[in-house]
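Remarks on the structure that follows.
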Amino acid sequence: MGVPWDMPVVGWGGRTVNFLRLYSARSSTDFDMQIFGAGDYLRAVEQKIASETISKVLYPNDDVAAGRKLRLVQEYFLVSCSIQDILRRFKATRREWARLPDSVAIQLNDTHPALTVAELMHRLVDVERLPWDQAWDLTVRTLAYTNHTLLPEALETWPVALMESVMPRHLDIVYEINRRFLEEVARRWPGDQARLRRMSLIEEGEPKRVRMAHLAIVGSHSVNGVAALHSRLLATRLVPDFHELWPGKFCNKTNGVTPR
């Protein structure tokens, strides 16, 4: 279970207090009474410990397999908690789904929350039962992506096998997004197989990997860098194929520094 914790963000001289909502992981059960009664006290609380490990340390060491899996679970946990909370509050307003992009703006800061694309589609299609095309339109118009650095470590990729073991339905959704996206690319550039390979959300290789930056770009209506030079390099060096396909999607938002 995700337990919300709100941190007030108070500005000087204003009349509004914003809040930053974070989440801690809590097990849905404290311990297994049957195992506890049999005298295996440590195993009785195993599930509780495993569940609450998710939010113990942000970005665990991912040099080992267990660390990589924990990091993926952690990113999904924080994304899912946030999306479920956002949709809960939106539904409380009793507005039509068509109003979602007018009421909600979700900014993906680098690729760590890029699973938002698949999670929002999962919630709209699987839970709210919206048609795929409508859900995709709402998703793209609600999400925007900020790339903060051109360095490879900010451009996450996840092994397909790992994602399949942790969140198989979300991998299905990623594959369907990719299928439809590549059809659009093929219509624009018929027969250009090299371009299809470069732009695919799935990086072919051993192992196959999901390119989270590509997922964030495809699933957003706006993509920006954080300085004029950075945004230019983003469009011309990092993902020029995407800029050629959607030049109007790319823009710049220079980071400011404000003394407090």
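All residue names refer to the structure tokens as shown: chains lettered A, B, ... in order, residues numbered from 1 in each chain, ligands numbered from 1 in order.
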
Can you pull out every residue within 9 Å of range 246-256 of chain A, counting only C-alpha atoms, but drop anything in the same chain fewer than 6 positions away, and send it as a ChimeraX atom specification? /A:146,217,220-228,230-232,234-235

Output as a VMD selection string all residues of range 62-220 of chain A that backbone DSSP marks as strand (DSSP E). chain A and resid 106 to 109 143 to 146 157 to 159 202 to 203 209 to 211

Write out as a JSON list (two decimals) with N, CA and C atoms, in the first residue's frame the residues lying within 10 Å of Asp62 in chain A, counting only C-alpha atoms and excluding same-chain residues fewer than 5 positions away.
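Listing of result-v4.json after writing:
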```json
[["chain", "number", "residue", "atom", "x", "y", "z"],
["A", 67, "GLY", "N", 19.08, -5.26, -7.10],
["A", 67, "GLY", "CA", 18.99, -3.81, -7.05],
["A", 67, "GLY", "C", 18.25, -3.25, -8.25],
["A", 68, "ARG", "N", 18.49, -3.83, -9.44],
["A", 68, "ARG", "CA", 17.79, -3.37, -10.64],
["A", 68, "ARG", "C", 16.29, -3.62, -10.53],
["A", 69, "LYS", "N", 15.93, -4.80, -10.05],
["A", 69, "LYS", "CA", 14.50, -5.11, -9.90],
["A", 69, "LYS", "C", 13.85, -4.18, -8.87],
["A", 70, "LEU", "N", 14.54, -3.94, -7.75],
["A", 70, "LEU", "CA", 13.99, -3.06, -6.72],
["A", 70, "LEU", "C", 13.79, -1.65, -7.28],
["A", 71, "ARG", "N", 14.74, -1.20, -8.08],
["A", 71, "ARG", "CA", 14.64, 0.15, -8.64],
["A", 71, "ARG", "C", 13.45, 0.25, -9.59],
["A", 72, "LEU", "N", 13.24, -0.78, -10.42],
["A", 72, "LEU", "CA", 12.09, -0.77, -11.32],
["A", 72, "LEU", "C", 10.79, -0.80, -10.53]]
```

Tell me, as a ChimeraX atom specification, which residues lie within 10 Å of Val9 in chain A, counting only C-alpha atoms; anything in the same chain fewer than 3 positions away does not count. /A:6,16-20

Output of the above residues as a PDB file, in the first residue's frame, restricted to N, CA and C atoms:
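The new file result_25.pdb reads:
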```pdb
ATOM      1  N   ASP A   6       2.337  14.512   2.892  1.00  0.00           N
ATOM      2  CA  ASP A   6       2.329  15.820   2.238  1.00  0.00           C
ATOM      3  C   ASP A   6       3.317  16.780   2.893  1.00  0.00           C
ATOM      4  N   THR A  16      -1.570  31.112  -1.427  1.00  0.00           N
ATOM      5  CA  THR A  16      -1.755  29.696  -1.740  1.00  0.00           C
ATOM      6  C   THR A  16      -0.588  28.897  -1.184  1.00  0.00           C
ATOM      7  N   VAL A  17      -0.896  27.780  -0.555  1.00  0.00           N
ATOM      8  CA  VAL A  17       0.136  26.846  -0.107  1.00  0.00           C
ATOM      9  C   VAL A  17       0.016  25.588  -0.955  1.00  0.00           C
ATOM     10  N   ASN A  18       1.046  25.322  -1.762  1.00  0.00           N
ATOM     11  CA  ASN A  18       1.067  24.087  -2.540  1.00  0.00           C
ATOM     12  C   ASN A  18       1.602  22.956  -1.670  1.00  0.00           C
ATOM     13  N   PHE A  19       1.532  21.755  -2.161  1.00  0.00           N
ATOM     14  CA  PHE A  19       2.096  20.641  -1.393  1.00  0.00           C
ATOM     15  C   PHE A  19       2.775  19.649  -2.314  1.00  0.00           C
ATOM     16  N   LEU A  20       3.805  19.050  -1.795  1.00  0.00           N
ATOM     17  CA  LEU A  20       4.517  17.971  -2.471  1.00  0.00           C
ATOM     18  C   LEU A  20       4.077  16.679  -1.813  1.00  0.00           C
TER      19      LEU A  20
END
```

Can you check which residues of range 64-164 of chain A DSSP gives as helix (DSSP H, G or I) on the backbone and send them as a ChimeraX atom specification? /A:65-92,97-103,116-127,132-142,152-154,160-164

Please list as a ChimeraX atom specification every residue within 12 Å of Val117 in chain A, counting only C-alpha atoms and excluding residues in the same chain fewer than 5 positions away. /A:76,79-80,83,106-108,111-112,122-124,135-145,170-171,173-174,177-178,212-221

Export, as a JSON list (two decimals), in the first residue's frame, the selected residues with N, CA and C atoms.
```json
[["chain", "number", "residue", "atom", "x", "y", "z"],
["A", 76, "TYR", "N", 7.90, 2.13, -10.46],
["A", 76, "TYR", "CA", 6.50, 1.85, -10.74],
["A", 76, "TYR", "C", 5.60, 2.19, -9.55],
["A", 79, "VAL", "N", 5.08, 5.96, -9.41],
["A", 79, "VAL", "CA", 4.25, 6.38, -10.54],
["A", 79, "VAL", "C", 2.80, 5.97, -10.31],
["A", 80, "SER", "N", 2.59, 4.72, -9.93],
["A", 80, "SER", "CA", 1.23, 4.21, -9.78],
["A", 80, "SER", "C", 0.48, 4.92, -8.66],
["A", 83, "ILE", "N", -0.47, 8.39, -10.03],
["A", 83, "ILE", "CA", -1.53, 8.35, -11.04],
["A", 83, "ILE", "C", -2.87, 8.00, -10.42],
["A", 106, "ILE", "N", 0.90, 16.58, -16.14],
["A", 106, "ILE", "CA", 1.91, 15.70, -15.53],
["A", 106, "ILE", "C", 3.22, 15.89, -16.27],
["A", 107, "GLN", "N", 4.24, 16.33, -15.56],
["A", 107, "GLN", "CA", 5.56, 16.55, -16.15],
["A", 107, "GLN", "C", 6.47, 15.39, -15.80],
["A", 108, "LEU", "N", 7.04, 14.74, -16.81],
["A", 108, "LEU", "CA", 7.96, 13.64, -16.59],
["A", 108, "LEU", "C", 9.38, 14.21, -16.54],
["A", 111, "THR", "N", 13.72, 10.19, -17.31],
["A", 111, "THR", "CA", 13.02, 8.95, -17.65],
["A", 111, "THR", "C", 12.58, 8.15, -16.43],
["A", 112, "HIS", "N", 12.95, 8.57, -15.23],
["A", 112, "HIS", "CA", 12.58, 7.79, -14.04],
["A", 112, "HIS", "C", 11.06, 7.60, -13.91],
["A", 122, "HIS", "N", -2.96, 2.05, -18.75],
["A", 122, "HIS", "CA", -3.51, 0.91, -18.02],
["A", 122, "HIS", "C", -4.75, 1.33, -17.22],
["A", 123, "ARG", "N", -4.65, 2.45, -16.53],
["A", 123, "ARG", "CA", -5.78, 2.90, -15.70],
["A", 123, "ARG", "C", -6.98, 3.30, -16.57],
["A", 124, "LEU", "N", -6.72, 4.00, -17.67],
["A", 124, "LEU", "CA", -7.82, 4.48, -18.50],
["A", 124, "LEU", "C", -8.47, 3.34, -19.30],
["A", 135, "ALA", "N", -8.21, 6.93, -24.86],
["A", 135, "ALA", "CA", -7.26, 6.91, -23.75],
["A", 135, "ALA", "C", -5.90, 7.45, -24.19],
["A", 136, "TRP", "N", -5.46, 7.08, -25.40],
["A", 136, "TRP", "CA", -4.16, 7.53, -25.90],
["A", 136, "TRP", "C", -4.16, 9.04, -26.14],
["A", 137, "ASP", "N", -5.24, 9.56, -26.69],
["A", 137, "ASP", "CA", -5.36, 11.00, -26.90],
["A", 137, "ASP", "C", -5.27, 11.76, -25.57],
["A", 138, "LEU", "N", -5.97, 11.26, -24.55],
["A", 138, "LEU", "CA", -5.94, 11.90, -23.23],
["A", 138, "LEU", "C", -4.54, 11.81, -22.62],
["A", 139, "THR", "N", -3.90, 10.65, -22.78],
["A", 139, "THR", "CA", -2.56, 10.45, -22.21],
["A", 139, "THR", "C", -1.56, 11.43, -22.81],
["A", 140, "VAL", "N", -1.53, 11.50, -24.13],
["A", 140, "VAL", "CA", -0.56, 12.38, -24.79],
["A", 140, "VAL", "C", -0.80, 13.84, -24.43],
["A", 141, "ARG", "N", -2.05, 14.25, -24.36],
["A", 141, "ARG", "CA", -2.34, 15.66, -24.07],
["A", 141, "ARG", "C", -2.15, 16.01, -22.60],
["A", 142, "THR", "N", -2.06, 14.99, -21.74],
["A", 142, "THR", "CA", -1.85, 15.23, -20.30],
["A", 142, "THR", "C", -0.37, 15.23, -19.93],
["A", 143, "LEU", "N", 0.46, 14.48, -20.67],
["A", 143, "LEU", "CA", 1.85, 14.29, -20.29],
["A", 143, "LEU", "C", 2.79, 15.19, -21.08],
["A", 144, "ALA", "N", 3.88, 15.60, -20.43],
["A", 144, "ALA", "CA", 4.97, 16.32, -21.08],
["A", 144, "ALA", "C", 6.27, 15.80, -20.49],
["A", 145, "TYR", "N", 7.35, 15.87, -21.28],
["A", 145, "TYR", "CA", 8.62, 15.25, -20.90],
["A", 145, "TYR", "C", 9.74, 16.28, -20.91],
["A", 170, "HIS", "N", 1.85, -4.00, -18.37],
["A", 170, "HIS", "CA", 2.42, -2.75, -18.84],
["A", 170, "HIS", "C", 3.34, -2.98, -20.04],
["A", 171, "LEU", "N", 4.02, -4.12, -20.06],
["A", 171, "LEU", "CA", 4.84, -4.44, -21.23],
["A", 171, "LEU", "C", 3.95, -4.65, -22.44],
["A", 173, "ILE", "N", 1.18, -3.18, -23.03],
["A", 173, "ILE", "CA", 0.76, -1.83, -23.43],
["A", 173, "ILE", "C", 1.89, -1.13, -24.19],
["A", 174, "VAL", "N", 3.11, -1.26, -23.71],
["A", 174, "VAL", "CA", 4.27, -0.67, -24.40],
["A", 174, "VAL", "C", 4.40, -1.23, -25.80],
["A", 177, "ILE", "N", 1.67, 0.31, -27.97],
["A", 177, "ILE", "CA", 2.04, 1.70, -28.29],
["A", 177, "ILE", "C", 3.08, 1.70, -29.40],
["A", 178, "ASN", "N", 4.08, 0.82, -29.27],
["A", 178, "ASN", "CA", 5.16, 0.75, -30.24],
["A", 178, "ASN", "C", 4.65, 0.31, -31.61],
["A", 212, "MET", "N", 13.18, 3.95, -22.41],
["A", 212, "MET", "CA", 12.22, 4.77, -21.67],
["A", 212, "MET", "C", 12.13, 6.20, -22.19],
["A", 213, "ALA", "N", 13.24, 6.75, -22.72],
["A", 213, "ALA", "CA", 13.19, 8.09, -23.30],
["A", 213, "ALA", "C", 12.27, 8.11, -24.52],
["A", 214, "HIS", "N", 12.35, 7.07, -25.35],
["A", 214, "HIS", "CA", 11.47, 6.99, -26.52],
["A", 214, "HIS", "C", 10.01, 6.89, -26.08],
["A", 215, "LEU", "N", 9.76, 6.10, -25.04],
["A", 215, "LEU", "CA", 8.40, 5.98, -24.52],
["A", 215, "LEU", "C", 7.88, 7.33, -24.04],
["A", 216, "ALA", "N", 8.73, 8.08, -23.33],
["A", 216, "ALA", "CA", 8.33, 9.39, -22.81],
["A", 216, "ALA", "C", 8.05, 10.37, -23.94],
["A", 217, "ILE", "N", 8.86, 10.33, -25.00],
["A", 217, "ILE", "CA", 8.66, 11.25, -26.13],
["A", 217, "ILE", "C", 7.37, 10.93, -26.86],
["A", 218, "VAL", "N", 7.17, 9.65, -27.16],
["A", 218, "VAL", "CA", 5.98, 9.23, -27.91],
["A", 218, "VAL", "C", 4.71, 9.51, -27.11],
["A", 219, "GLY", "N", 4.78, 9.36, -25.79],
["A", 219, "GLY", "CA", 3.59, 9.51, -24.95],
["A", 219, "GLY", "C", 3.33, 10.92, -24.45],
["A", 220, "SER", "N", 4.08, 11.92, -24.95],
["A", 220, "SER", "CA", 3.93, 13.30, -24.47],
["A", 220, "SER", "C", 3.56, 14.24, -25.61],
["A", 221, "HIS", "N", 2.96, 15.37, -25.25],
["A", 221, "HIS", "CA", 2.64, 16.38, -26.26],
["A", 221, "HIS", "C", 3.72, 17.45, -26.36]]
```

Quick one: residues within 12 Å of Val127 in chain A, only C-alpha atoms counted, chain neighbours fewer than 6 positions away excluded, as a VMD selection string? chain A and resid 84 87 119 to 121 135
